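So this block is final.cif, mmCIF, C-alpha atoms:
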data_final
#
loop_
_atom_site.label_atom_id
_atom_site.label_comp_id
_atom_site.auth_asym_id
_atom_site.auth_seq_id
_atom_site.Cartn_x
_atom_site.Cartn_y
_atom_site.Cartn_z
CA MET B 1134 54.72 83.49 149.41
CA LEU B 1135 58.28 84.70 149.29
CA LEU B 1136 59.60 85.46 145.81
CA VAL B 1137 63.39 85.21 145.53
CA LEU B 1138 64.08 87.76 142.80
CA CYS B 1139 67.51 87.73 141.13
CA VAL B 1140 68.23 91.04 139.38
CA ASP B 1141 70.46 91.33 136.30
CA LEU B 1142 70.18 95.02 135.42
CA ASP B 1143 72.35 95.02 132.28
CA ASP B 1144 70.84 91.79 130.86
CA ASP B 1145 74.03 89.73 130.78
CA LEU B 1146 71.86 86.63 130.86
CA GLY B 1147 69.89 87.53 127.75
CA ARG B 1148 72.83 88.94 125.77
CA LYS B 1149 75.27 86.12 126.49
CA THR B 1150 72.99 83.07 126.52
CA GLY B 1151 69.93 84.03 124.49
CA PHE B 1152 67.56 83.08 127.34
CA SER B 1153 64.19 84.77 127.20
CA THR B 1154 63.48 86.68 130.39
CA PRO B 1155 61.99 86.72 132.93
CA VAL B 1156 63.00 83.20 133.94
CA ILE B 1157 60.56 81.71 136.47
CA GLY B 1158 60.85 78.46 138.40
CA ARG B 1159 63.66 76.54 139.96
CA ASP B 1160 64.63 74.32 137.01
CA PRO B 1161 64.54 77.08 134.35
CA VAL B 1162 66.53 79.37 136.65
CA GLU B 1163 69.15 76.66 137.20
CA GLU B 1164 69.40 76.10 133.44
CA SER B 1165 69.92 79.81 132.88
CA ALA B 1166 72.61 79.94 135.58
CA VAL B 1167 74.50 77.03 134.03
CA ALA B 1168 74.21 78.59 130.57
CA LEU B 1169 75.56 81.94 131.80
CA ALA B 1170 78.38 80.25 133.72
CA THR B 1171 79.32 78.34 130.56
CA ALA B 1172 79.23 81.48 128.39
CA ASP B 1173 81.12 83.70 130.85
CA PRO B 1174 82.40 82.09 134.05
CA GLU B 1175 83.69 85.44 135.36
CA ASP B 1176 80.30 87.20 135.20
CA SER B 1177 79.19 88.17 138.70
CA ASP B 1178 75.52 87.59 137.78
CA VAL B 1179 76.28 83.86 137.80
CA ASN B 1180 76.84 84.11 141.56
CA VAL B 1181 73.62 86.08 141.95
CA ILE B 1182 71.51 83.40 140.26
CA PHE B 1183 73.15 80.54 142.15
CA GLN B 1184 72.69 82.46 145.39
CA GLY B 1185 68.99 82.79 144.55
CA LEU B 1186 68.79 79.03 143.97
CA HIS B 1187 70.56 78.41 147.28
CA ILE B 1188 68.05 80.58 149.15
CA TYR B 1189 65.16 78.88 147.36
CA ASP B 1190 66.39 75.37 148.27
CA ASP B 1191 66.98 76.38 151.89
CA LEU B 1192 63.46 77.79 152.28
CA ASP B 1193 61.89 74.94 150.36
CA GLU B 1194 63.43 72.43 152.77
CA ARG B 1195 61.62 74.27 155.57
CA ASP B 1196 58.33 73.78 153.72
CA GLU B 1197 57.92 77.49 153.18
CA SER B 1198 55.99 78.82 150.20
CA VAL B 1199 58.72 80.15 147.94
CA GLU B 1200 59.43 80.81 144.27
CA VAL B 1201 62.53 81.97 142.43
CA ALA B 1202 62.83 84.11 139.30
CA VAL B 1203 65.36 86.10 137.33
CA VAL B 1204 64.50 89.51 135.91
CA THR B 1205 66.73 91.56 133.64
CA GLY B 1206 66.95 95.09 132.26
CA ASN B 1207 69.04 96.13 129.28
CA ASP B 1208 72.34 97.83 128.48
CA GLU B 1209 70.81 101.09 127.21
CA GLY B 1210 71.00 103.01 130.47
CA ASP B 1211 69.61 103.22 134.01
CA VAL B 1212 66.16 104.60 133.17
CA ASN B 1213 65.39 102.18 130.34
CA ALA B 1214 66.88 99.28 132.27
CA ASN B 1215 64.81 100.09 135.38
CA ARG B 1216 61.63 100.25 133.32
CA GLU B 1217 62.46 96.89 131.73
CA VAL B 1218 62.99 95.35 135.17
CA GLY B 1219 59.65 96.79 136.34
CA ASP B 1220 57.83 95.25 133.38
CA GLU B 1221 59.42 91.85 134.00
CA VAL B 1222 58.51 92.02 137.70
CA ASP B 1223 54.88 92.60 136.64
CA THR B 1224 55.13 89.55 134.39
CA VAL B 1225 56.51 87.40 137.23
CA LEU B 1226 53.83 88.51 139.68
CA ALA B 1227 51.10 87.84 137.14
CA SER B 1228 52.41 84.30 136.56
CA LEU B 1229 52.31 83.32 140.26
CA SER B 1230 49.22 81.19 140.82
CA THR B 1231 48.73 81.77 144.52
CA ALA B 1232 46.16 83.43 146.74
CA GLU B 1233 48.81 84.28 149.32
CA ASP B 1234 50.33 87.69 149.75
CA VAL B 1235 53.64 87.90 147.91
CA THR B 1236 56.77 89.46 149.31
CA VAL B 1237 60.17 89.71 147.67
CA LEU B 1238 63.75 88.97 148.64
CA VAL B 1239 65.96 90.82 146.15
CA VAL B 1240 69.35 89.27 145.27
CA THR B 1241 71.91 91.51 143.54
CA ASP B 1242 75.66 91.78 143.02
CA GLY B 1243 76.16 95.46 143.82
CA ALA B 1244 74.83 98.97 144.24
CA GLN B 1245 74.09 99.44 140.54
CA ASP B 1246 71.56 96.61 140.44
CA GLU B 1247 70.08 97.81 143.72
CA SER B 1248 68.99 101.03 142.00
CA VAL B 1249 65.86 99.11 140.87
CA ILE B 1250 64.70 98.49 144.45
CA PRO B 1251 62.29 101.49 144.41
CA ILE B 1252 60.79 100.14 141.18
CA ILE B 1253 60.25 96.72 142.75
CA ARG B 1254 58.94 98.18 146.02
CA SER B 1255 56.28 100.11 144.08
CA ARG B 1256 54.86 96.77 142.92
CA VAL B 1257 55.40 94.35 145.81
CA PRO B 1258 56.63 94.54 149.42
CA ILE B 1259 60.32 93.80 149.91
CA ASP B 1260 61.37 91.61 152.83
CA GLY B 1261 65.06 92.08 152.32
CA VAL B 1262 68.01 92.60 149.99
CA ARG B 1263 70.86 90.13 149.66
CA ARG B 1264 74.06 91.43 148.03
CA VAL B 1265 76.32 88.67 146.73
CA VAL B 1266 80.04 89.26 147.26
CA VAL B 1267 82.60 86.65 146.17
CA ARG B 1268 84.83 85.73 149.12
CA GLN B 1269 88.06 85.95 147.15
CA ALA B 1270 87.34 89.62 146.46
CA GLN B 1271 87.66 90.37 150.18
CA ASN B 1272 91.08 88.94 150.91
CA LEU B 1273 94.64 88.91 149.68
CA GLU B 1274 94.01 86.02 147.30
CA SER B 1275 92.16 88.34 144.93
CA MET B 1276 95.00 90.88 145.11
CA TYR B 1277 97.57 88.16 144.43
CA TYR B 1278 95.57 86.86 141.46
CA THR B 1279 95.13 90.38 140.05
CA ILE B 1280 98.83 91.18 140.35
CA LYS B 1281 99.71 87.85 138.77
CA GLN B 1282 97.39 88.51 135.84
CA VAL B 1283 98.87 91.98 135.36
CA LEU B 1284 102.43 90.66 135.37
CA ASN B 1285 101.53 87.93 132.88
CA ASP B 1286 100.30 90.50 130.38
CA PRO B 1287 103.21 91.53 128.07
CA GLU B 1288 101.62 94.89 127.30
CA THR B 1289 101.22 95.72 130.99
CA ARG B 1290 104.77 94.60 131.77
CA GLY B 1291 106.17 96.90 129.14
CA THR B 1292 103.99 99.83 130.21
CA VAL B 1293 104.38 99.62 133.99
CA LEU B 1294 107.43 97.62 134.95
CA ILE B 1295 110.03 99.19 132.65
CA PRO B 1296 109.48 102.81 133.81
CA LEU B 1297 109.22 101.61 137.42
CA GLY B 1298 112.48 99.70 137.05
CA ILE B 1299 114.25 102.74 135.58
CA LEU B 1300 113.01 104.91 138.45
CA LEU B 1301 114.24 102.38 141.02
CA LEU B 1302 117.65 102.35 139.34
CA ILE B 1303 118.12 106.12 139.74
CA TYR B 1304 119.40 105.94 143.33
CA PRO B 1305 121.94 103.10 142.87
CA LEU B 1306 123.12 104.68 139.61
CA ALA B 1307 123.52 108.00 141.43
CA LEU B 1308 125.71 106.26 144.01
CA ILE B 1309 127.80 104.71 141.25
CA GLY B 1310 128.05 108.12 139.55
CA SER B 1311 129.25 109.67 142.78
CA LEU B 1312 131.94 107.04 143.15
CA LEU B 1313 133.03 107.63 139.55
CA GLU B 1314 132.79 111.41 140.06
CA MET B 1315 130.24 111.64 137.24
CA PRO B 1316 126.86 112.04 139.05
CA GLY B 1317 125.47 114.44 136.47
CA PHE B 1318 126.25 112.11 133.56
CA VAL B 1319 124.65 109.08 135.23
CA LEU B 1320 121.49 110.94 136.28
CA GLY B 1321 121.21 112.60 132.89
CA THR B 1322 121.57 109.27 131.06
CA THR B 1323 118.95 107.62 133.27
CA SER B 1324 116.53 110.50 132.85
CA ALA B 1325 117.09 110.44 129.08
CA LEU B 1326 116.36 106.71 128.90
CA LEU B 1327 113.14 107.14 130.86
CA GLY B 1328 112.08 110.11 128.76
CA LEU B 1329 112.82 108.33 125.48
CA TYR B 1330 110.88 105.28 126.62
CA LEU B 1331 107.84 107.32 127.64
CA ILE B 1332 107.92 109.29 124.38
CA SER B 1333 108.18 106.08 122.34
CA ARG B 1334 105.24 104.58 124.21
CA GLY B 1335 103.19 107.72 123.82
CA LEU B 1336 103.84 107.99 120.08
CA GLY B 1337 103.52 104.24 119.49
CA LEU B 1338 107.04 104.01 118.07
CA GLY B 1339 107.40 100.46 119.30
CA ASP B 1340 104.45 99.26 117.23
CA ARG B 1341 105.73 101.16 114.21
CA LEU B 1342 109.17 99.63 114.60
CA ASP B 1343 107.64 96.16 114.85
CA GLU B 1344 105.62 96.83 111.70
CA ALA B 1345 108.72 98.04 109.85
CA VAL B 1346 110.67 94.94 110.89
CA GLU B 1347 107.78 92.72 109.80
CA ARG B 1348 107.57 94.45 106.41
CA ALA B 1349 111.33 94.06 105.96
CA ARG B 1350 111.10 90.37 106.86
CA ARG B 1351 108.27 89.79 104.37
CA SER B 1352 110.18 91.69 101.69
CA LEU B 1353 113.27 89.58 102.33
CA TYR B 1354 111.38 86.30 102.09
CA ALA B 1355 109.45 87.48 99.04
CA GLY B 1356 112.65 88.43 97.19
CA ARG B 1357 111.67 92.08 96.79
CA THR B 1358 114.41 94.20 95.27
CA THR B 1359 113.11 97.26 97.13
CA LEU B 1360 114.74 96.03 100.34
CA LEU B 1361 118.15 95.77 98.65
CA ALA B 1362 117.60 99.14 96.99
CA TYR B 1363 116.86 100.75 100.36
CA VAL B 1364 120.04 99.32 101.88
CA VAL B 1365 122.13 100.62 98.98
CA ALA B 1366 120.36 103.97 99.15
CA ALA B 1367 121.11 104.26 102.87
CA ALA B 1368 124.79 103.68 102.16
CA LEU B 1369 124.71 106.27 99.39
CA PHE B 1370 123.04 108.76 101.75
CA VAL B 1371 125.87 108.27 104.25
CA LEU B 1372 128.45 108.77 101.53
CA GLY B 1373 126.59 111.86 100.38
CA GLY B 1374 126.65 113.31 103.88
CA VAL B 1375 130.38 112.71 104.19
CA SER B 1376 131.01 114.19 100.76
CA GLY B 1377 128.90 117.22 101.60
CA MET B 1378 130.83 117.84 104.83
CA ASN B 1379 134.11 117.54 102.91
CA ALA B 1380 132.88 120.08 100.38
CA LEU B 1381 131.87 122.43 103.20
CA GLU B 1382 135.30 122.14 104.84
CA GLU B 1383 136.96 122.80 101.49
CA ALA B 1384 134.83 125.90 100.98
CA GLN B 1385 135.76 127.16 104.46
CA ARG B 1386 139.47 126.68 103.75
CA THR B 1387 139.35 128.51 100.43
CA THR B 1388 137.21 131.39 101.64
CA THR B 1389 138.43 134.21 103.81
CA GLY B 1390 136.07 135.27 106.55
CA GLU B 1391 132.82 133.71 107.67
CA LEU B 1392 130.66 131.77 105.21
CA GLY B 1393 127.07 132.88 104.82
CA ALA B 1394 124.21 130.46 105.31
CA PRO B 1395 123.41 130.24 101.55
CA VAL B 1396 127.02 129.40 100.73
CA MET B 1397 127.17 126.74 103.47
CA VAL B 1398 123.98 125.11 102.18
CA ALA B 1399 125.29 125.31 98.63
CA ALA B 1400 128.55 123.61 99.64
CA LEU B 1401 126.68 120.77 101.34
CA VAL B 1402 124.41 120.29 98.32
CA TYR B 1403 127.27 120.54 95.84
CA GLY B 1404 129.28 117.83 97.58
CA SER B 1405 126.41 115.43 98.24
CA ILE B 1406 123.91 115.86 95.40
CA GLN B 1407 125.42 113.22 93.12
CA TRP B 1408 125.27 110.61 95.90
CA LEU B 1409 121.75 111.60 96.91
CA ALA B 1410 120.64 111.43 93.28
CA ALA B 1411 122.14 107.96 92.96
CA ALA B 1412 120.24 106.91 96.09
CA GLY B 1413 116.96 108.27 94.70
CA ILE B 1414 117.45 106.55 91.35
CA THR B 1415 118.34 103.28 93.08
CA THR B 1416 115.19 103.24 95.22
CA SER B 1417 112.95 104.22 92.31
CA LEU B 1418 114.41 101.49 90.09
CA GLY B 1419 113.92 98.95 92.88
CA GLN B 1420 110.28 99.99 93.28
CA ILE B 1421 109.72 99.84 89.52
CA THR B 1422 111.21 96.33 89.41
CA ASP B 1423 108.90 95.09 92.16
CA GLU B 1424 105.85 96.67 90.52
CA TYR B 1425 106.76 94.98 87.22
CA ILE B 1426 107.20 91.58 88.87
CA ALA B 1427 103.87 92.00 90.68
CA GLY B 1428 102.14 92.93 87.41
CA THR B 1429 101.02 96.34 88.70
CA LEU B 1430 103.53 98.51 86.85
CA GLU B 1431 102.12 101.61 85.18
CA TRP B 1432 103.94 103.74 82.65
CA ARG B 1433 103.91 106.88 84.76
CA TYR B 1434 105.96 105.08 87.44
CA LEU B 1435 108.92 105.26 85.03
CA ASN B 1436 109.01 109.04 85.49
CA ALA B 1437 110.57 108.71 88.95
CA PRO B 1438 114.25 108.19 87.93
CA PHE B 1439 114.05 111.01 85.38
CA TYR B 1440 112.49 113.37 87.95
CA VAL B 1441 115.28 112.57 90.40
CA LEU B 1442 117.88 113.21 87.70
CA SER B 1443 116.22 116.50 86.71
CA ILE B 1444 116.15 117.75 90.28
CA ALA B 1445 119.78 116.70 90.78
CA ILE B 1446 120.88 118.64 87.65
CA VAL B 1447 119.10 121.77 88.84
CA LEU B 1448 120.43 121.59 92.42
CA TYR B 1449 123.95 120.84 91.24
CA ALA B 1450 123.96 123.84 88.92
CA VAL B 1451 122.48 126.21 91.52
CA SER B 1452 124.90 125.11 94.27
CA ALA B 1453 127.87 125.33 91.88
CA PHE B 1454 126.83 128.86 90.89
CA PHE B 1455 126.70 129.95 94.55
CA LEU B 1456 130.21 128.57 95.02
CA ASP B 1457 131.47 130.40 91.91
CA GLU B 1458 132.29 127.09 90.23
CA VAL B 1459 130.27 127.84 87.06
CA GLU B 1460 129.12 130.85 85.13
CA ILE B 1461 125.55 132.02 84.75
CA ASN B 1462 125.38 130.57 81.24
CA TYR B 1463 125.99 127.10 82.64
CA LEU B 1464 123.29 127.68 85.27
CA ALA B 1465 120.75 128.72 82.65
CA ALA B 1466 121.58 125.71 80.47
CA ALA B 1467 121.30 123.32 83.43
CA LEU B 1468 117.95 124.76 84.53
CA THR B 1469 116.64 124.44 80.99
CA ALA B 1470 117.95 120.90 80.59
CA GLY B 1471 116.51 119.74 83.89
CA THR B 1472 113.10 121.23 83.12
CA LEU B 1473 113.01 119.78 79.60
CA LEU B 1474 114.06 116.36 80.89
CA GLY B 1475 111.15 116.28 83.34
CA ILE B 1476 108.64 117.53 80.76
CA VAL B 1477 109.80 115.15 78.03
CA SER B 1478 109.69 112.13 80.33
CA THR B 1479 106.21 113.05 81.53
CA LEU B 1480 104.85 113.48 78.00
CA THR B 1481 106.60 110.35 76.71
CA PHE B 1482 105.26 108.00 79.34
CA ALA B 1483 101.81 109.63 79.31
CA VAL B 1484 101.52 108.99 75.56
CA ALA B 1485 102.87 105.46 76.00
CA GLU B 1486 100.39 104.74 78.76
CA SER B 1487 97.43 106.04 76.76
CA ARG B 1488 98.35 103.99 73.70
CA PHE B 1489 99.59 100.72 75.12
CA SER B 1490 97.07 100.63 77.98
CA GLY B 1491 94.24 101.31 75.52
CA SER B 1492 95.44 98.55 73.22
CA ALA B 1493 95.69 96.14 76.15
CA ASP B 1494 92.14 97.00 77.25
CA GLU B 1495 90.82 96.47 73.72
CA ASP B 1496 92.58 93.10 73.50
CA GLN B 1497 91.12 92.10 76.85
CA GLU B 1498 87.60 93.09 75.75
CA ALA B 1499 88.05 91.15 72.50
CA ASP B 1500 89.17 88.07 74.42
CA ASP B 1501 86.19 88.38 76.76
CA GLY B 1502 83.83 88.70 73.81
CA THR B 1503 85.34 85.62 72.15
CA ARG B 1504 84.91 83.59 75.32
CA GLN B 1505 81.26 84.66 75.65
CA MET B 1506 80.53 83.71 72.02
CA GLY B 1507 82.17 80.36 72.57
CA ARG B 1508 79.96 79.71 75.59
CA VAL B 1509 76.83 80.61 73.57
#
Produce structure tokens that represent the structure in this file.
Amino acid sequence: MLLVLCVDLDDDLGRKTGFSTPVIGRDPVEESAVALATADPEDSDVNVIFQGLHIYDDLDERDESVEVAVVTGNDEGDVNANREVGDEVDTVLASLSTAEDVTVLVVTDGAQDESVIPIIRSRVPIDGVRRVVVRQAQNLESMYYTIKQVLNDPETRGTVLIPLGILLLIYPLALIGSLLEMPGFVLGTTSALLGLYLISRGLGLGDRLDEAVERARRSLYAGRTTLLAYVVAAALFVLGGVSGMNALEEAQRTTTGELGAPVMVAALVYGSIQWLAAAGITTSLGQITDEYIAGTLEWRYLNAPFYVLSIAIVLYAVSAFFLDEVEINYLAAALTAGTLLGIVSTLTFAVAESRFSGSADEDQEADDGTRQMGRV
């Protein structure tokens, strides 16, 4: 008797269809092949099982003594999978009710599954090995299909085609740069674009930008004041930068000689701190408003505007002192006022949170107790 033995080393059949293996007999094997093809049409083991059925039918038409079976391993590794295949081969051989000598024709889909051949040979003679190769994998049709699939994938297009397109543009851009007598500028710009793209892909900046846009869109539709506060704060930051540069230029005009680094920093801070403080207060108030609307506001959140104001007072006084705009008495008073403002706000809202939050919790517990008594 010839046993047509289909080998599925990584047990795709069992994992994807739930079939109990080994599968013995023509009808059960056909059912398992159809089930695997339905679960995963691209699995190469489908071709292996159907090839085994084809061989079985061909030999059966010649009135030869033949049987077909499917044995599987597992996905835990070569050694464990080979042992599993060996055990299932023993089960198949024990189930064959024949007094004839049994030989095996092994059907596989590649070299990995053929690693079990020594295991099978130790149990039963092997007449041959049939490796199943899909025809499309041997011609240009498979290459065309693969390239088409790659180009249809947006992620692959962005990863492969954009850098390739930039590289292909280098030569024509170099020719244009030569005609315009600016070859260095054109090549430098092209190289910079390619470098920025690769860096953005490597750091995942595209995904982060998409997430930021999505958050902004949700905030806009939800009516969140934080979005408006951020826009206003951005404008205030720009104004602060301009004001800081104007203060630095004024300090350079009124000072003879070179300005030291501390004085330059002080001039920038002195000219921009009021705008930056306004931006910080705006964003904190926007966040507090959204937290209050959402019902998640906590008392300590109210410290943020006062902290920003305290820091602004301190930085303004220090920068003004470096520029000789104020005396040391003013600096000391400003440092004291800024520190006291931060401490007082912290203590005030901490006490308010402990009292009002405790009262709210007690009221909630009382309401829960009343409801429970009403149910009883």
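For the residues B:Leu1327, B:Leu1474, B:Ile1446, B:Val1201, ranking by smallest atom-to-atom distance to Leu1301 (chain B) using only C-alpha atoms places B:Leu1327 first.
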Neighbours of Glu1221 (chain B) within 12 Å (only C-alpha atoms; same-chain residues fewer than 4 positions away dropped), as number ranges by chain?
B: 1138-1142, 1144, 1153-1157, 1202-1207, 1214-1217, 1225-1228, 1249, 1252-1253, 1256
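We find CA of Glu1197 (chain B) and CA of Gly1261 (chain B) to be spaced 16.3 Å apart.
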Written as JSON, numbers by chain, which residues does the PyMOL selection byres ((chain B and resi 1238) around 6) give for the file shown?
{"B": [1137, 1138, 1237, 1239, 1260, 1261, 1262]}
Write a file of the just-selected residues containing C-alpha atoms, as an mmCIF file, keeping the file's coordinate frame.
data_model
loop_
_atom_site.group_PDB
_atom_site.id
_atom_site.type_symbol
_atom_site.label_atom_id
_atom_site.label_comp_id
_atom_site.auth_asym_id
_atom_site.auth_seq_id
_atom_site.Cartn_x
_atom_site.Cartn_y
_atom_site.Cartn_z
ATOM 1 C CA VAL B 1137 63.390 85.210 145.530
ATOM 2 C CA LEU B 1138 64.080 87.760 142.800
ATOM 3 C CA VAL B 1237 60.170 89.710 147.670
ATOM 4 C CA VAL B 1239 65.960 90.820 146.150
ATOM 5 C CA ASP B 1260 61.370 91.610 152.830
ATOM 6 C CA GLY B 1261 65.060 92.080 152.320
ATOM 7 C CA VAL B 1262 68.010 92.600 149.990
#
Might you spell out which residues the PyMOL selection byres ((chain B and resi 1179-1184) around 7) would select in the displayed file, as an MDAnalysis selection string?
chainID B and resid 1139 1166 1169:1170 1176:1178 1185:1188 1240:1242 1265
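Of note, CA of Ser1487 (chain B) and CA of Gly1471 (chain B) are spaced 24.5 Å apart.
Excluding Leu1480 (chain B) and any residue on its chain fewer than 5 positions from it, the residues at most 12 Å away by only C-alpha atoms are Trp1432, Arg1433, Leu1435, Asn1436, Leu1473, Leu1474, Gly1475, Ala1485, Glu1486 and Ser1487 of chain B.
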Can you pull out every residue within 10 Å of Ala1384 (chain B), counting all atoms listed in the file, but drop anything in the same chain fewer than 6 positions away, and send it as a PyMOL selection string?
chain B and resi 1378+1392+1396-1397+1399-1401+1456
Please produce a file of those selected residues containing C-alpha atoms, as a PDB file, in the frame of the given file.
ATOM      1  CA  MET B1378     130.830 117.840 104.830  1.00  0.00           C
ATOM      2  CA  LEU B1392     130.660 131.770 105.210  1.00  0.00           C
ATOM      3  CA  VAL B1396     127.020 129.400 100.730  1.00  0.00           C
ATOM      4  CA  MET B1397     127.170 126.740 103.470  1.00  0.00           C
ATOM      5  CA  ALA B1399     125.290 125.310  98.630  1.00  0.00           C
ATOM      6  CA  ALA B1400     128.550 123.610  99.640  1.00  0.00           C
ATOM      7  CA  LEU B1401     126.680 120.770 101.340  1.00  0.00           C
ATOM      8  CA  LEU B1456     130.210 128.570  95.020  1.00  0.00           C
TER       9      LEU B1456
END
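When only C-alpha atoms are used to compute distances to Asp1196 (chain B), the closest of the residues B:Met1134, B:Thr1415, B:Gly1428, B:Tyr1304 turns out to be B:Met1134.
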